[in-house]
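Novice: What follows is a single structure, and I will ask about it in a moment.
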Amino acid sequence: MKKIKYISTLILVLATALPAFAVRPATTLISPDTTRVLRNPLQGWVMYMGRTWDDNFWSERGYDAMKISGSDSTVRVSDYASCAYMRTSWASFEPREGEYIWNDPDSRLMKLIKSVNDRGLRVAFRIVIDGRDQGQNTPQYVFDAGAEGYYDPKSPGNNLSPYPDDSVFQQKYAKFFKAFAEYFDDPSKVEFIDAYSLGKWGESHSMIYKDNNNKKAVYDWVIDLATSSFKKVPMIIHYHRMLGDPDDDGWGSVPADAEAMIEQAVAKGFSLRHDAFGMHGYYQDWEKEMASKWNFKRPIIMEGGWITGAHHRYWRDPSGLYREGHPEDVRKGEFDASAEARVNMMDFRINDETRSWFEDSFDLVKRFVAEGGYRLYPASVTAPVKAAGNSTVKVQSRWCNLGWGYCPTNIPQWNGKYKVGIALLDSDNNVVKQVVDQSSDLSKWLREAPADYETEIDLSGLGKGTYRWAVGLVDITDGNKPGLEMAVDASALVDGWLPLTELKIK
């Protein structure tokens with residue numbers, strides 16, 4: 001048997017008379033692991049992949065040898081992340097009609113996705129359609145088929161984009177999106193899809209319509225397209241106050257329908273993200289109120305808004321908190337805003353931003369690993385040490401969450417698929433009996449609010465001998481195998497199960 005670290009066992013002597021074999025249950029107290037990176041879905045750090053890729057992607061960007069603050073040591077960025085976010089164009093996935101890049105495993109994009117999965121990370125996507133400030137993101141065949149569009153106002157005659165209320169565009173995009181979902185609606189490889197990616201930079205604002213009165217109709221179309229296409233992978237929407245709005249500024253007074261549009265998306269199964277954390281001029285009271293309203297009802301994903309270079313001049317932030325030449329100030333501002341919003345995921349965004357997190361603020365990287373998102377573990381398990389064959393026994397367990405976020409088993413795409421599992425292992429660590437506690441609701445496990453369960457186990461079919469109790473967080477859609485990493489000593493685990501005390505059956 002493996003030695004179990006950080007676990008102590010107390011034998012509770014019952015004061016009352018007990019039936020044969022049902023004596024002296026043992027309580028195991030488990031100390032949590034507070035430092036290990038847990039690669040659980042919708043939790044942890046997100047690294048960004050940029051828009052250009054090649055076979056040397058990881059080494060050329062320094063992602064495999066990132067220096068950390070206060071040390072000459074280096075680490076791999078991917079070792080601290082749960083997923084890799086790809087913000088790229090529709091044209092990169094479908095350069096010509098029906099020519100889907102995922103059917104070509106030798107393409108640069110698919111090779112990069114494979115390299116992400118090979119590192120144990122899932123991928124996430126935002127597919128950009130609008131070409132302003134970037135280049136043409138929509139395939140040319142869409143316009144050749146008759147879709148109307150507009151050129152970049154800053155670069156007349158360039159960066160053609162389709163009107164989102166154009167019927168030809170909608171027909172072609174819907175066909176592409178459904179094909180994309182058919183291939184990528186796989187939660188074992190894909191973290192989330194940023195599904196309403198219209199507007200400038202795919203951030204759902206500064207929209208240009210044929211007719212501004214079509215704002216709501218376009219919104220309804222996109223939301224319904226996403227919900228009818230993705231059933232397993234979570235969908236994300238930007239809780240931007242100018243969601244779908246044609247305001248050229250991209251940020252104005254809050255439209256009257258802004259909150260209702262977010263509510264509609266959430267009701268349809270969307271989770272939330274925002275792209276301006278740390279930007280006090282943009283992430284204001286309305287955005288904070290939206291985060292507070294949906295805390296523990298939908299997971300929130302954070303993207304930092306500032307670029308720590310001359311481009312956006314972060315030291316001009318209206319808060320006055322950021323000093324020029326001190327990107328660590330920005331990192332602290334983003335971290336504090338993320339803690340306030342109780343986000344489940346933070347970002348390592350583009351090269352300079354990522355280096356800043358590791359070289360200037362590695363302590364915050366580690367703090368989010370320890371405190372952010374959800375971090376679940378069994379604080380104690382009480383189980384019998386002896387029992388009669390073919391009897392029914394009870395196991396009590398207490399579960400805790402060390403993170404400020406929550407495990408979003410309540411989102412429709414997950415539909416409560418993660419549950420508490422109780423197992424018995426034989427001497428070779430094979431699972432010989434397993435029970436799923438169907439009453440367990442991981443979305444209710446909040447920081448400083450332990451959850452207690454009493455689970456009945458029917459021992460029928462087990463022969464005489466010695467077994468070992470084990471607990472895990474199982475995926476009921478995947479054969480009830482452990483599906484979430486627990487915040488416990490990894491060396492004590494056996495295929496995701498945490499072995500505990502022995503049970504003797506006579």
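A note on labels: chains of the structure tokens are A, B, ... as shown, every chain counts residues from 1, and ligands are counted from 1 in their shown order.
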Could you tell me, as a list in words, which residues of region 54-221 of chain A DSSP assigns to strand (DSSP E) when given the backbone?

Specialist: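 Assigned to strand (DSSP E), within region 54-221 of chain A: Met66, Lys67, Thr74, Val75, Ala81, Ser82, Cys83, Ala84, Tyr85, Met86, Arg87, Thr88, Ser89, Arg122, Val123, Ala124, Phe125, Arg126, Ile127, Val128, Gly149, Tyr150, Ser161, Pro162, Val190, Glu191, Phe192, Ile193 and Asp194 of chain A.
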
Novice: When you look at region 162-173 of chain A with a cut-off of 7 Å (counting only C-alpha atoms), what residues show up, excluding the ones that are within fewer than 2 positions of it in the same chain? I need them as a VMD selection string.

Specialist: chain A and resid 142 146 to 150 160 175 to 177 208 to 210 214 218

Novice: One decimal, in Å: what's the spacing between CA of Pro156 (chain A) and CA of Pro246 (chain A)?

Specialist: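 Straight-line distance from CA of Pro156 (chain A) to CA of Pro246 (chain A) works out to 19.2 Å.
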
Novice: Just want the 8 Å neighbourhood of region 45-60 of chain A, counted on only C-alpha atoms, with same-chain residues fewer than 3 positions away dropped. Output as a ChimeraX atom specification.

Specialist: /A:63-65,77-78,80-88,108-109,111-112,345-350,369

Novice: With C-alpha atoms retained, could you export that selection as a short mmCIF file (atom, residue, chain, number, x, y, z; two decimals), in the first residue's frame?

Specialist:
```cif
data_model
loop_
_atom_site.label_atom_id
_atom_site.label_comp_id
_atom_site.auth_asym_id
_atom_site.auth_seq_id
_atom_site.Cartn_x
_atom_site.Cartn_y
_atom_site.Cartn_z
CA TYR A 63 7.47 29.96 -22.64
CA ASP A 64 9.63 26.92 -21.87
CA ALA A 65 12.27 28.91 -19.98
CA VAL A 77 4.60 28.66 -18.41
CA SER A 78 2.46 25.72 -19.45
CA TYR A 80 1.18 26.77 -14.39
CA ALA A 81 -1.77 26.87 -16.80
CA SER A 82 -4.96 24.87 -17.25
CA CYS A 83 -5.69 25.85 -20.83
CA ALA A 84 -4.44 27.82 -23.81
CA TYR A 85 -6.65 30.51 -25.33
CA MET A 86 -6.58 30.96 -29.09
CA ARG A 87 -8.03 34.21 -30.37
CA THR A 88 -7.88 33.81 -34.10
CA ARG A 108 0.22 24.77 -38.36
CA LEU A 109 -2.88 25.50 -36.31
CA LYS A 111 -0.16 21.02 -34.85
CA LEU A 112 -0.18 23.80 -32.29
CA MET A 345 -9.59 31.94 -14.29
CA MET A 346 -6.87 34.57 -14.81
CA ASP A 347 -4.70 35.14 -17.86
CA PHE A 348 -1.09 35.01 -18.97
CA ARG A 349 -1.72 37.35 -21.89
CA ILE A 350 0.77 37.74 -24.78
CA VAL A 369 -2.87 28.88 -7.70
#
```

Novice: Each residue of region 24-48 of chain A lying at most 7 Å from region 485-504 of chain A should get a row with its shortest atom-to-atom pair and the distance in Å to one decimal, counting only C-alpha atoms; could you produce that, ordered by chain and increasing number, as a Markdown table?

Specialist:
```
| residue | atom | partner | partner_atom | distance |
| --- | --- | --- | --- | --- |
| A:Thr28 | CA | A:Leu500 | CA | 7.0 |
| A:Pro32 | CA | A:Val488 | CA | 5.0 |
| A:Asp33 | CA | A:Val488 | CA | 4.7 |
| A:Thr34 | CA | A:Ala487 | CA | 6.8 |
| A:Leu38 | CA | A:Glu485 | CA | 6.1 |
| A:Asn40 | CA | A:Glu485 | CA | 6.3 |
```

Novice: Could you name the residues that touch Asp224 (chain A) at 12 Å or less, counting only C-alpha atoms, but leaving out those on the same chain fewer than 2 positions away, as a VMD selection string?

Specialist: chain A and resid 174 177 to 178 195 to 196 217 to 222 226 to 230 235 264 to 265 267 to 270

Novice: Can you write just those residues out, N, CA, C and O atoms, as an mmCIF file, in the first residue's frame?

Specialist:
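part_9.cif, freshly written:
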```cif
data_model
loop_
_atom_site.group_PDB
_atom_site.id
_atom_site.type_symbol
_atom_site.label_atom_id
_atom_site.label_comp_id
_atom_site.auth_asym_id
_atom_site.auth_seq_id
_atom_site.Cartn_x
_atom_site.Cartn_y
_atom_site.Cartn_z
ATOM 1 N N ALA A 174 -23.185 30.436 -39.830
ATOM 2 C CA ALA A 174 -23.898 29.372 -39.129
ATOM 3 C C ALA A 174 -23.425 28.000 -39.602
ATOM 4 O O ALA A 174 -23.235 27.078 -38.795
ATOM 5 N N PHE A 177 -19.957 27.518 -38.082
ATOM 6 C CA PHE A 177 -19.974 27.374 -36.630
ATOM 7 C C PHE A 177 -20.483 25.997 -36.216
ATOM 8 O O PHE A 177 -19.956 25.384 -35.281
ATOM 9 N N LYS A 178 -21.488 25.491 -36.909
ATOM 10 C CA LYS A 178 -22.004 24.169 -36.577
ATOM 11 C C LYS A 178 -20.970 23.090 -36.877
ATOM 12 O O LYS A 178 -20.823 22.119 -36.114
ATOM 13 N N ALA A 195 -18.270 32.561 -27.343
ATOM 14 C CA ALA A 195 -19.189 32.300 -28.440
ATOM 15 C C ALA A 195 -19.813 33.529 -29.093
ATOM 16 O O ALA A 195 -20.321 33.425 -30.199
ATOM 17 N N TYR A 196 -19.809 34.686 -28.408
ATOM 18 C CA TYR A 196 -20.357 35.887 -29.052
ATOM 19 C C TYR A 196 -19.183 36.791 -29.380
ATOM 20 O O TYR A 196 -18.857 37.720 -28.652
ATOM 21 N N ALA A 217 -31.911 41.537 -32.777
ATOM 22 C CA ALA A 217 -32.119 40.376 -33.640
ATOM 23 C C ALA A 217 -30.818 39.628 -33.885
ATOM 24 O O ALA A 217 -30.788 38.387 -33.885
ATOM 25 N N VAL A 218 -29.721 40.353 -34.092
ATOM 26 C CA VAL A 218 -28.418 39.722 -34.282
ATOM 27 C C VAL A 218 -27.979 39.016 -33.013
ATOM 28 O O VAL A 218 -27.472 37.882 -33.040
ATOM 29 N N TYR A 219 -28.177 39.663 -31.872
ATOM 30 C CA TYR A 219 -27.819 39.070 -30.586
ATOM 31 C C TYR A 219 -28.568 37.757 -30.379
ATOM 32 O O TYR A 219 -27.966 36.729 -30.021
ATOM 33 N N ASP A 220 -29.867 37.768 -30.602
ATOM 34 C CA ASP A 220 -30.672 36.560 -30.439
ATOM 35 C C ASP A 220 -30.176 35.453 -31.360
ATOM 36 O O ASP A 220 -30.092 34.277 -30.960
ATOM 37 N N TRP A 221 -29.831 35.818 -32.591
ATOM 38 C CA TRP A 221 -29.350 34.833 -33.561
ATOM 39 C C TRP A 221 -28.051 34.181 -33.082
ATOM 40 O O TRP A 221 -27.909 32.948 -33.121
ATOM 41 N N VAL A 222 -27.112 34.993 -32.619
ATOM 42 C CA VAL A 222 -25.823 34.450 -32.165
ATOM 43 C C VAL A 222 -26.011 33.549 -30.950
ATOM 44 O O VAL A 222 -25.445 32.447 -30.881
ATOM 45 N N ALA A 226 -25.208 29.474 -30.854
ATOM 46 C CA ALA A 226 -24.241 28.869 -29.935
ATOM 47 C C ALA A 226 -24.885 27.767 -29.098
ATOM 48 O O ALA A 226 -24.333 26.673 -28.954
ATOM 49 N N THR A 227 -26.056 28.052 -28.535
ATOM 50 C CA THR A 227 -26.687 27.074 -27.641
ATOM 51 C C THR A 227 -27.180 25.846 -28.391
ATOM 52 O O THR A 227 -27.271 24.763 -27.809
ATOM 53 N N SER A 228 -27.486 25.993 -29.660
ATOM 54 C CA SER A 228 -27.909 24.829 -30.442
ATOM 55 C C SER A 228 -26.724 24.020 -30.958
ATOM 56 O O SER A 228 -26.896 22.878 -31.403
ATOM 57 N N SER A 229 -25.519 24.576 -30.880
ATOM 58 C CA SER A 229 -24.339 23.922 -31.449
ATOM 59 C C SER A 229 -23.471 23.260 -30.391
ATOM 60 O O SER A 229 -22.983 22.142 -30.593
ATOM 61 N N PHE A 230 -23.229 23.940 -29.270
ATOM 62 C CA PHE A 230 -22.372 23.404 -28.219
ATOM 63 C C PHE A 230 -23.225 22.884 -27.072
ATOM 64 O O PHE A 230 -23.986 23.632 -26.463
ATOM 65 N N MET A 235 -19.925 27.716 -22.849
ATOM 66 C CA MET A 235 -19.928 28.905 -23.705
ATOM 67 C C MET A 235 -19.762 30.135 -22.825
ATOM 68 O O MET A 235 -20.287 30.209 -21.724
ATOM 69 N N GLN A 264 -30.205 37.204 -20.375
ATOM 70 C CA GLN A 264 -30.673 36.301 -21.422
ATOM 71 C C GLN A 264 -29.613 35.256 -21.758
ATOM 72 O O GLN A 264 -29.917 34.063 -21.890
ATOM 73 N N ALA A 265 -28.365 35.695 -21.880
ATOM 74 C CA ALA A 265 -27.285 34.760 -22.203
ATOM 75 C C ALA A 265 -27.093 33.744 -21.082
ATOM 76 O O ALA A 265 -26.928 32.542 -21.337
ATOM 77 N N ALA A 267 -29.302 32.748 -18.908
ATOM 78 C CA ALA A 267 -30.450 31.839 -18.923
ATOM 79 C C ALA A 267 -30.327 30.783 -20.010
ATOM 80 O O ALA A 267 -30.841 29.665 -19.869
ATOM 81 N N LYS A 268 -29.617 31.115 -21.088
ATOM 82 C CA LYS A 268 -29.406 30.178 -22.188
ATOM 83 C C LYS A 268 -28.213 29.245 -21.940
ATOM 84 O O LYS A 268 -27.944 28.349 -22.752
ATOM 85 N N GLY A 269 -27.486 29.481 -20.835
ATOM 86 C CA GLY A 269 -26.386 28.583 -20.499
ATOM 87 C C GLY A 269 -25.001 29.168 -20.609
ATOM 88 O O GLY A 269 -24.008 28.445 -20.475
ATOM 89 N N PHE A 270 -24.876 30.474 -20.848
ATOM 90 C CA PHE A 270 -23.568 31.096 -20.976
ATOM 91 C C PHE A 270 -22.951 31.387 -19.603
ATOM 92 O O PHE A 270 -23.665 31.703 -18.645
#
```

Novice: Using only C-alpha atoms, which residue out of A:Arg241, A:Val233, A:Gln413, A:Glu99 lies closest to Asp257 (chain A)?

Specialist: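 Between A:Arg241, A:Val233, A:Gln413, A:Glu99, the residue approaching Asp257 (chain A) most closely is A:Arg241.
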